[in-house]
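**Q** Okay, so here is final_22.pdb, and as you'll see once you scroll down, it has PDB, C-alpha atoms.
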```
ATOM      1  CA  MET L   1      29.423  66.827 103.252
ATOM      2  CA  GLU L   2      30.688  64.863 100.281
ATOM      3  CA  ASN L   3      27.304  65.131  98.572
ATOM      4  CA  ASN L   4      27.291  68.878  99.080
ATOM      5  CA  GLU L   5      30.806  69.185  97.659
ATOM      6  CA  LEU L   6      29.783  67.049  94.678
ATOM      7  CA  LEU L   7      26.754  69.237  94.059
ATOM      8  CA  ARG L   8      28.851  72.381  94.306
ATOM      9  CA  SER L   9      31.539  71.158  91.942
ATOM     10  CA  GLU L  10      29.560  69.266  89.305
ATOM     11  CA  ASP L  11      25.860  70.059  89.372
ATOM     12  CA  ALA L  12      25.259  73.485  90.944
ATOM     13  CA  LYS L  13      26.305  75.415  87.853
ATOM     14  CA  LYS L  14      24.000  73.424  85.580
ATOM     15  CA  ILE L  15      21.111  73.644  88.052
ATOM     16  CA  ILE L  16      21.458  77.418  88.406
ATOM     17  CA  GLU L  17      21.690  77.826  84.633
ATOM     18  CA  ASN L  18      18.464  75.846  84.247
ATOM     19  CA  LEU L  19      16.675  77.883  86.903
ATOM     20  CA  LEU L  20      17.705  81.152  85.251
ATOM     21  CA  PHE L  21      16.469  79.802  81.934
ATOM     22  CA  ILE L  22      13.071  78.579  83.127
ATOM     23  CA  THR L  23      12.074  81.426  85.461
ATOM     24  CA  ASP L  24       9.698  84.165  84.312
ATOM     25  CA  ARG L  25      10.841  86.476  87.116
ATOM     26  CA  PRO L  26      14.320  87.596  88.223
ATOM     27  CA  LEU L  27      15.902  85.366  90.871
ATOM     28  CA  THR L  28      18.217  86.658  93.578
ATOM     29  CA  PRO L  29      21.320  84.723  94.661
ATOM     30  CA  LYS L  30      19.650  84.239  98.039
ATOM     31  CA  ARG L  31      16.583  82.672  96.459
ATOM     32  CA  LEU L  32      18.698  80.415  94.262
ATOM     33  CA  ALA L  33      20.701  79.323  97.314
ATOM     34  CA  GLU L  34      17.438  78.320  98.994
ATOM     35  CA  VAL L  35      16.618  76.063  96.053
ATOM     36  CA  VAL L  36      20.077  74.616  95.426
ATOM     37  CA  ASP L  37      21.177  72.645  98.482
ATOM     38  CA  GLY L  38      24.754  73.026  99.670
ATOM     39  CA  VAL L  39      25.452  76.333  97.902
ATOM     40  CA  ASP L  40      25.291  79.698  99.667
ATOM     41  CA  ALA L  41      24.400  83.048  98.116
ATOM     42  CA  ALA L  42      28.058  84.047  97.658
ATOM     43  CA  ALA L  43      28.804  80.815  95.776
ATOM     44  CA  VAL L  44      25.698  81.345  93.632
ATOM     45  CA  MET L  45      26.916  84.837  92.724
ATOM     46  CA  ASP L  46      30.300  83.413  91.699
ATOM     47  CA  ILE L  47      28.562  80.838  89.490
ATOM     48  CA  ILE L  48      26.344  83.487  87.867
ATOM     49  CA  THR L  49      29.386  85.655  87.148
ATOM     50  CA  GLU L  50      31.138  82.666  85.594
ATOM     51  CA  LEU L  51      28.094  81.890  83.439
ATOM     52  CA  GLN L  52      27.865  85.510  82.300
ATOM     53  CA  LYS L  53      31.493  85.427  81.162
ATOM     54  CA  GLU L  54      30.938  82.157  79.305
ATOM     55  CA  TYR L  55      27.849  83.455  77.516
ATOM     56  CA  SER L  56      29.607  86.667  76.550
ATOM     57  CA  GLY L  57      32.831  84.989  75.511
ATOM     58  CA  THR L  58      31.160  82.415  73.253
ATOM     59  CA  GLY L  59      28.938  84.979  71.506
ATOM     60  CA  ARG L  60      25.638  83.306  72.411
ATOM     61  CA  ALA L  61      22.353  84.849  71.351
ATOM     62  CA  VAL L  62      21.117  84.871  74.952
ATOM     63  CA  GLN L  63      22.594  86.499  78.038
ATOM     64  CA  ILE L  64      22.221  86.488  81.824
ATOM     65  CA  ILE L  65      21.367  89.969  83.030
ATOM     66  CA  GLU L  66      20.870  91.640  86.391
ATOM     67  CA  ILE L  67      17.366  93.052  86.336
ATOM     68  CA  GLY L  68      14.623  93.927  88.806
ATOM     69  CA  GLY L  69      16.793  93.114  91.811
ATOM     70  CA  GLY L  70      17.788  89.640  90.584
ATOM     71  CA  PHE L  71      19.117  87.691  87.609
ATOM     72  CA  GLN L  72      17.367  86.236  84.580
ATOM     73  CA  MET L  73      18.220  84.819  81.188
ATOM     74  CA  SER L  74      17.315  87.134  78.331
ATOM     75  CA  THR L  75      17.633  87.448  74.576
ATOM     76  CA  LYS L  76      20.007  90.096  73.288
ATOM     77  CA  PRO L  77      18.470  93.372  72.051
ATOM     78  CA  GLU L  78      19.638  92.833  68.476
ATOM     79  CA  TYR L  79      17.360  89.792  68.182
ATOM     80  CA  GLY L  80      14.333  91.519  69.678
ATOM     81  CA  ARG L  81      12.441  92.057  66.426
ATOM     82  CA  TRP L  82      12.283  88.331  65.722
ATOM     83  CA  VAL L  83      11.058  87.620  69.237
ATOM     84  CA  ARG L  84       8.374  90.274  68.838
ATOM     85  CA  LYS L  85       7.368  88.757  65.507
ATOM     86  CA  LEU L  86       7.011  85.298  67.060
ATOM     87  CA  TYR L  87       4.994  86.535  70.034
ATOM     88  CA  ASN L  88       3.181  89.342  68.265
ATOM     89  CA  GLU L  89      -0.250  88.356  69.563
ATOM     90  CA  LYS L  90       0.958  88.230  73.164
ATOM     91  CA  MET L  91       2.761  91.556  73.009
ATOM     92  CA  THR L  92       0.022  93.775  71.626
ATOM     93  CA  ALA L  93      -1.306  94.924  75.009
ATOM     94  CA  LYS L  94       0.473  98.270  74.895
ATOM     95  CA  LEU L  95       0.042 101.086  77.369
ATOM     96  CA  SER L  96      -1.737 104.228  76.225
ATOM     97  CA  ASN L  97       0.098 107.545  76.073
ATOM     98  CA  ALA L  98      -1.806 108.657  79.178
ATOM     99  CA  ALA L  99      -0.694 105.564  81.078
ATOM    100  CA  LEU L 100       2.916 105.974  79.939
ATOM    101  CA  GLU L 101       2.963 109.631  80.998
ATOM    102  CA  THR L 102       1.462 108.727  84.381
ATOM    103  CA  LEU L 103       3.960 105.899  84.813
ATOM    104  CA  ALA L 104       6.892 108.171  83.952
ATOM    105  CA  ILE L 105       5.820 110.776  86.520
ATOM    106  CA  ILE L 106       5.398 108.147  89.230
ATOM    107  CA  ALA L 107       8.743 106.536  88.390
ATOM    108  CA  TYR L 108      10.673 109.816  88.596
ATOM    109  CA  LYS L 109       8.742 111.515  91.397
ATOM    110  CA  GLN L 110       8.035 108.535  93.675
ATOM    111  CA  PRO L 111       6.760 108.337  96.288
ATOM    112  CA  VAL L 112       4.021 110.575  94.915
ATOM    113  CA  THR L 113       0.301 111.072  95.514
ATOM    114  CA  ARG L 114      -2.415 110.972  92.886
ATOM    115  CA  ALA L 115      -3.082 114.694  93.355
ATOM    116  CA  GLU L 116       0.576 115.506  92.710
ATOM    117  CA  VAL L 117       0.612 113.454  89.502
ATOM    118  CA  GLU L 118      -2.606 115.105  88.332
ATOM    119  CA  ALA L 119      -1.135 118.541  89.037
ATOM    120  CA  ILE L 120       1.817 117.744  86.783
ATOM    121  CA  ARG L 121      -0.278 116.189  83.994
ATOM    122  CA  GLY L 122      -3.101 118.702  84.327
ATOM    123  CA  VAL L 123      -5.800 116.048  83.913
ATOM    124  CA  ASP L 124      -7.499 113.299  85.912
ATOM    125  CA  ILE L 125      -5.410 110.098  86.046
ATOM    126  CA  GLY L 126      -8.039 107.714  87.416
ATOM    127  CA  ALA L 127      -8.219 105.424  84.377
ATOM    128  CA  PRO L 128      -4.478 105.219  83.570
ATOM    129  CA  LEU L 129      -3.590 104.788  87.243
ATOM    130  CA  GLU L 130      -6.029 101.898  87.571
ATOM    131  CA  LYS L 131      -4.542 100.275  84.451
ATOM    132  CA  LEU L 132      -1.019 100.619  85.857
ATOM    133  CA  LEU L 133      -2.125  99.043  89.135
ATOM    134  CA  GLU L 134      -3.788  96.165  87.271
ATOM    135  CA  ARG L 135      -0.634  95.573  85.226
ATOM    136  CA  GLY L 136       1.481  95.524  88.381
ATOM    137  CA  LEU L 137       3.676  98.393  87.201
ATOM    138  CA  VAL L 138       2.649 100.686  90.059
ATOM    139  CA  LYS L 139       1.809  99.934  93.673
ATOM    140  CA  ILE L 140       0.576 101.755  96.762
ATOM    141  CA  VAL L 141       3.580 102.150  99.047
ATOM    142  CA  GLY L 142       1.872 103.826 102.000
ATOM    143  CA  LYS L 143       0.211 107.052 103.112
ATOM    144  CA  ARG L 144       1.733 110.507 103.376
ATOM    145  CA  ASP L 145       1.714 111.847 106.923
ATOM    146  CA  THR L 146      -0.215 115.014 106.077
ATOM    147  CA  ILE L 147      -3.835 116.141 106.324
ATOM    148  CA  GLY L 148      -6.067 113.437 104.882
ATOM    149  CA  ARG L 149      -3.143 111.020 104.685
ATOM    150  CA  PRO L 150      -3.384 110.486 100.913
ATOM    151  CA  MET L 151      -2.010 107.276  99.495
ATOM    152  CA  VAL L 152       1.337 107.460  97.745
ATOM    153  CA  TYR L 153       2.416 105.436  94.744
ATOM    154  CA  GLY L 154       5.694 103.991  93.539
ATOM    155  CA  SER L 155       6.988 101.676  90.825
ATOM    156  CA  THR L 156       7.290  97.902  91.186
ATOM    157  CA  GLU L 157       9.805  95.184  90.375
ATOM    158  CA  GLU L 158       7.626  94.340  87.369
ATOM    159  CA  PHE L 159       8.204  97.902  86.118
ATOM    160  CA  LEU L 160      11.964  97.401  86.421
ATOM    161  CA  ARG L 161      11.789  94.051  84.649
ATOM    162  CA  LEU L 162       9.630  95.376  81.819
ATOM    163  CA  PHE L 163      11.963  98.298  81.128
ATOM    164  CA  GLY L 164      15.173  96.334  81.585
ATOM    165  CA  LEU L 165      16.309  98.063  84.776
ATOM    166  CA  ASN L 166      17.869  96.645  87.913
ATOM    167  CA  LYS L 167      16.972  99.607  90.120
ATOM    168  CA  VAL L 168      15.148 102.931  89.834
ATOM    169  CA  SER L 169      18.400 104.888  89.952
ATOM    170  CA  GLU L 170      19.208 103.491  86.494
ATOM    171  CA  LEU L 171      16.442 105.600  84.926
ATOM    172  CA  PRO L 172      17.831 108.144  82.422
ATOM    173  CA  ASP L 173      18.597 111.533  83.911
ATOM    174  CA  LEU L 174      15.756 114.011  83.439
ATOM    175  CA  ASP L 175      18.228 116.492  81.947
ATOM    176  CA  ILE L 176      18.212 114.324  78.826
ATOM    177  CA  PHE L 177      14.603 115.327  78.225
ATOM    178  CA  ALA L 178      15.015 118.968  79.265
ATOM    179  CA  SER L 179      14.721 120.309  75.719
ATOM    180  CA  LYS L 180      11.439 118.460  75.213
ATOM    181  CA  THR L 181       9.762 119.356  78.495
ATOM    182  CA  ALA L 182       8.921 122.417  80.523
ATOM    183  CA  PRO L 183      11.751 123.913  82.585
ATOM    184  CA  ARG L 184      12.146 122.334  85.990
ATOM    185  CA  ASP L 185      11.340 125.543  87.839
ATOM    186  CA  GLU L 186       7.979 125.665  86.073
ATOM    187  CA  GLN L 187       7.296 122.016  86.854
ATOM    188  CA  GLY L 188       8.153 122.630  90.474
ATOM    189  CA  ASN L 189       5.469 125.283  90.925
ATOM    190  CA  LEU L 190       2.698 122.815  91.647
ATOM    191  CA  PRO L 191      -0.714 124.105  92.790
ATOM    192  CA  PHE L 192      -0.619 122.498  96.232
ATOM    193  CA  GLU L 193       1.453 122.593  99.389
ATOM    194  CA  ASP L 194       4.806 120.846  99.059
ATOM    195  CA  THR L 195       4.503 117.683 101.162
ATOM    196  CA  SER L 196       7.205 115.700  99.393
ATOM    197  CA  HIS L 197       9.313 115.571 102.559
ATOM    198  CA  ALA L 198       6.489 114.304 104.777
ATOM    199  CA  ALA L 199       6.915 110.847 106.274
ATOM    200  CA  ILE L 200       5.376 107.860 104.499
ATOM    201  CA  LEU L 201       3.183 105.734 106.757
ATOM    202  CA  PRO L 202       2.561 102.026 106.033
ATOM    203  CA  LEU L 203      -0.907 100.807 105.156
ATOM    204  CA  GLU L 204      -2.719  98.890 107.862
ATOM    205  CA  ASP L 205      -4.124  95.389 107.392
ATOM    206  CA  GLY L 206      -7.706  96.629 107.212
ATOM    207  CA  GLU L 207      -6.800  99.089 104.494
ATOM    208  CA  LEU L 208      -5.185  96.395 102.391
ATOM    209  CA  ASP L 209      -8.350  94.316 102.734
ATOM    210  CA  ALA L 210     -10.405  97.277 101.555
ATOM    211  CA  LEU L 211      -8.264  97.590  98.449
ATOM    212  CA  ALA L 212      -8.715  93.898  97.689
ATOM    213  CA  ILE L 213     -12.503  94.140  98.012
ATOM    214  CA  ALA L 214     -12.916  96.972  95.545
ATOM    215  CA  PRO L 215      -9.796  97.211  93.348
ATOM    216  CA  ALA L 216     -11.662  98.781  90.426
ATOM    217  CA  ASP L 217     -12.894 101.799  92.359
ATOM    218  CA  LYS L 218      -9.771 103.549  93.587
ATOM    219  CA  ASP L 219     -11.583 106.828  94.345
ATOM    220  CA  PHE L 220     -14.025 105.055  96.649
ATOM    221  CA  VAL L 221     -11.241 103.215  98.450
ATOM    222  CA  GLU L 222      -9.179 106.346  98.926
ATOM    223  CA  GLU L 223     -12.162 108.154 100.445
ATOM    224  CA  GLU L 224     -12.838 105.247 102.774
ATOM    225  CA  LEU L 225      -9.227 105.165 103.959
ATOM    226  CA  GLU L 226      -9.196 108.907 104.539
ATOM    227  CA  GLU L 227     -12.304 108.648 106.734
ATOM    228  CA  THR L 228     -10.620 106.070 108.957
ATOM    229  CA  ALA L 229      -7.266 107.865 109.159
ATOM    230  CA  ALA L 230      -6.206 109.398 112.464
ATOM    231  CA  ALA L 231      -5.705 112.798 110.882
ATOM    232  CA  ALA L 232      -8.551 114.990 109.732
ATOM    233  CA  PRO L 233      -9.832 113.928 106.295
ATOM    234  CA  ALA L 234      -9.152 116.100 103.291
ATOM    235  CA  GLU L 235     -12.029 117.811 101.555
ATOM    236  CA  LYS L 236     -13.567 115.719  98.826
ATOM    237  CA  GLU L 237     -12.676 116.930  95.359
ATOM    238  CA  ASP L 238     -15.335 117.676  92.822
TER     239      ASP L 238
END
```
Rewrite the coordinates I just gave you, this time as structure tokens.
**A**
Amino acid sequence: MENNELLRSEDAKKIIENLLFITDRPLTPKRLAEVVDGVDAAAVMDIITELQKEYSGTGRAVQIIEIGGGFQMSTKPEYGRWVRKLYNEKMTAKLSNAALETLAIIAYKQPVTRAEVEAIRGVDIGAPLEKLLERGLVKIVGKRDTIGRPMVYGSTEEFLRLFGLNKVSELPDLDIFASKTAPRDEQGNLPFEDTSHAAILPLEDGELDALAIAPADKDFVEEELEETAAAAPAEKED
């Protein structure tokens, strides 16, 4: 007990600060409590809050932010251009406009099927969707309980981390972009039956294996999954 109290009073704060500094992914208080013996998640949260106040109060160039469902140390935005300059070669893998548009639609409309995204964009999204899946910004979250049981997509924790968000609800309101986009009533008139309220079914183990075998050919995988679904398969698109 004495060792635990010693860790809590003298070392836990320094250990947690080090873990937040070294990690390349956000850490939750629960995960930190699993690593730091003798400290529970509530105590970890208190320590993080204390560290945040210290960093803010002393005007440090780095900060501890809540992002992607956890906490991570980060540089402040005002120093971003120097960071980009230092890591220029590692930060040149930018997303194309097509991928960004596809990602935005998925982020705001999720869970959403490929056909629904294509109806909004008006073009095939095979290539940008595959790129987003490869980058870990989008994931398959299940199947819609409708005819053909098409797969539905949603954003990932990596998406939140990349865009500096803690949760999807922190995305800017669409009304901000209203003057630059088509009216909502026009966007809502999509050329397919509205299935947005249909239940989302989880993928089965065999389906996940199929995706791992052929990750580059999403069309082929989707057709294979539809053929094995309990519901009648949808007609194959041209």
**Q** With the file shown as input, list the residues that the PyMOL selection byres ((chain L and resi 32) around 10) selects, as a PDB file with C-alpha atoms, in the frame of the given file.
**A**
```pdb
ATOM      1  CA  ILE L  15      21.111  73.644  88.052  1.00  0.00           C
ATOM      2  CA  ILE L  16      21.458  77.418  88.406  1.00  0.00           C
ATOM      3  CA  LEU L  19      16.675  77.883  86.903  1.00  0.00           C
ATOM      4  CA  LEU L  20      17.705  81.152  85.251  1.00  0.00           C
ATOM      5  CA  LEU L  27      15.902  85.366  90.871  1.00  0.00           C
ATOM      6  CA  THR L  28      18.217  86.658  93.578  1.00  0.00           C
ATOM      7  CA  PRO L  29      21.320  84.723  94.661  1.00  0.00           C
ATOM      8  CA  LYS L  30      19.650  84.239  98.039  1.00  0.00           C
ATOM      9  CA  ARG L  31      16.583  82.672  96.459  1.00  0.00           C
ATOM     10  CA  ALA L  33      20.701  79.323  97.314  1.00  0.00           C
ATOM     11  CA  GLU L  34      17.438  78.320  98.994  1.00  0.00           C
ATOM     12  CA  VAL L  35      16.618  76.063  96.053  1.00  0.00           C
ATOM     13  CA  VAL L  36      20.077  74.616  95.426  1.00  0.00           C
ATOM     14  CA  ASP L  37      21.177  72.645  98.482  1.00  0.00           C
ATOM     15  CA  VAL L  39      25.452  76.333  97.902  1.00  0.00           C
ATOM     16  CA  ASP L  40      25.291  79.698  99.667  1.00  0.00           C
ATOM     17  CA  ALA L  41      24.400  83.048  98.116  1.00  0.00           C
ATOM     18  CA  VAL L  44      25.698  81.345  93.632  1.00  0.00           C
ATOM     19  CA  MET L  45      26.916  84.837  92.724  1.00  0.00           C
ATOM     20  CA  GLY L  70      17.788  89.640  90.584  1.00  0.00           C
ATOM     21  CA  PHE L  71      19.117  87.691  87.609  1.00  0.00           C
TER      22      PHE L  71
END
```
**Q** At a cut-off of 6 Å, using all atoms listed in the file, what residues contact segment 48-63 of chain L? Leave out same-chain residues fewer than 6 positions from it and give the result as a list in words.
**A**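 Final neighbour list, sorted by chain and number: Met73, Ser74, Thr75 and Lys76 of chain L.
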**Q** Let me have the centre and edge lengths in Å, one decimal, of the box along x, y and z around every listed atom of segment 37-45 of chain L with 5 Å of margin on each side, as JSON.
**A**
```
{"center_x": 25.0, "center_y": 78.7, "center_z": 96.2, "size_x": 17.6, "size_y": 22.2, "size_z": 16.9}
```
**Q** Could you check the closest approach to Met151 of chain L for each of L:Gly38, L:Gly136, L:Pro111, L:Pro77 and tell me which residue wins, using all atoms listed in the file?
**A** L:Pro111
**Q** Write out as an MDAnalysis selection string the residues lying within 12 Å of segment 96-107 of chain L, counting all atoms listed in the file and excluding same-chain residues fewer than 5 positions away.
**A** chainID L and resid 112:141 152:157 159:160 163 165 167:174 177 187
**Q** One number please: atom CA of Gln110 of chain L to atom CA of Asn166 of chain L, in Å, one decimal.
**A**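 So the answer is 16.5 Å.
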**Q** How many Å lie between atom CA of Lys13 of chain L and atom CA of Ile47 of chain L, rounded to one decimal?
**A**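 One can read the atom CA of Lys13 of chain L to atom CA of Ile47 of chain L distance as 6.1 Å.
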**Q** Which value, in Å to one decimal, gives the distance between atom CA of Ile22 of chain L and atom CA of Gln72 of chain L?
**A**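 These two atoms are separated by 8.9 Å.
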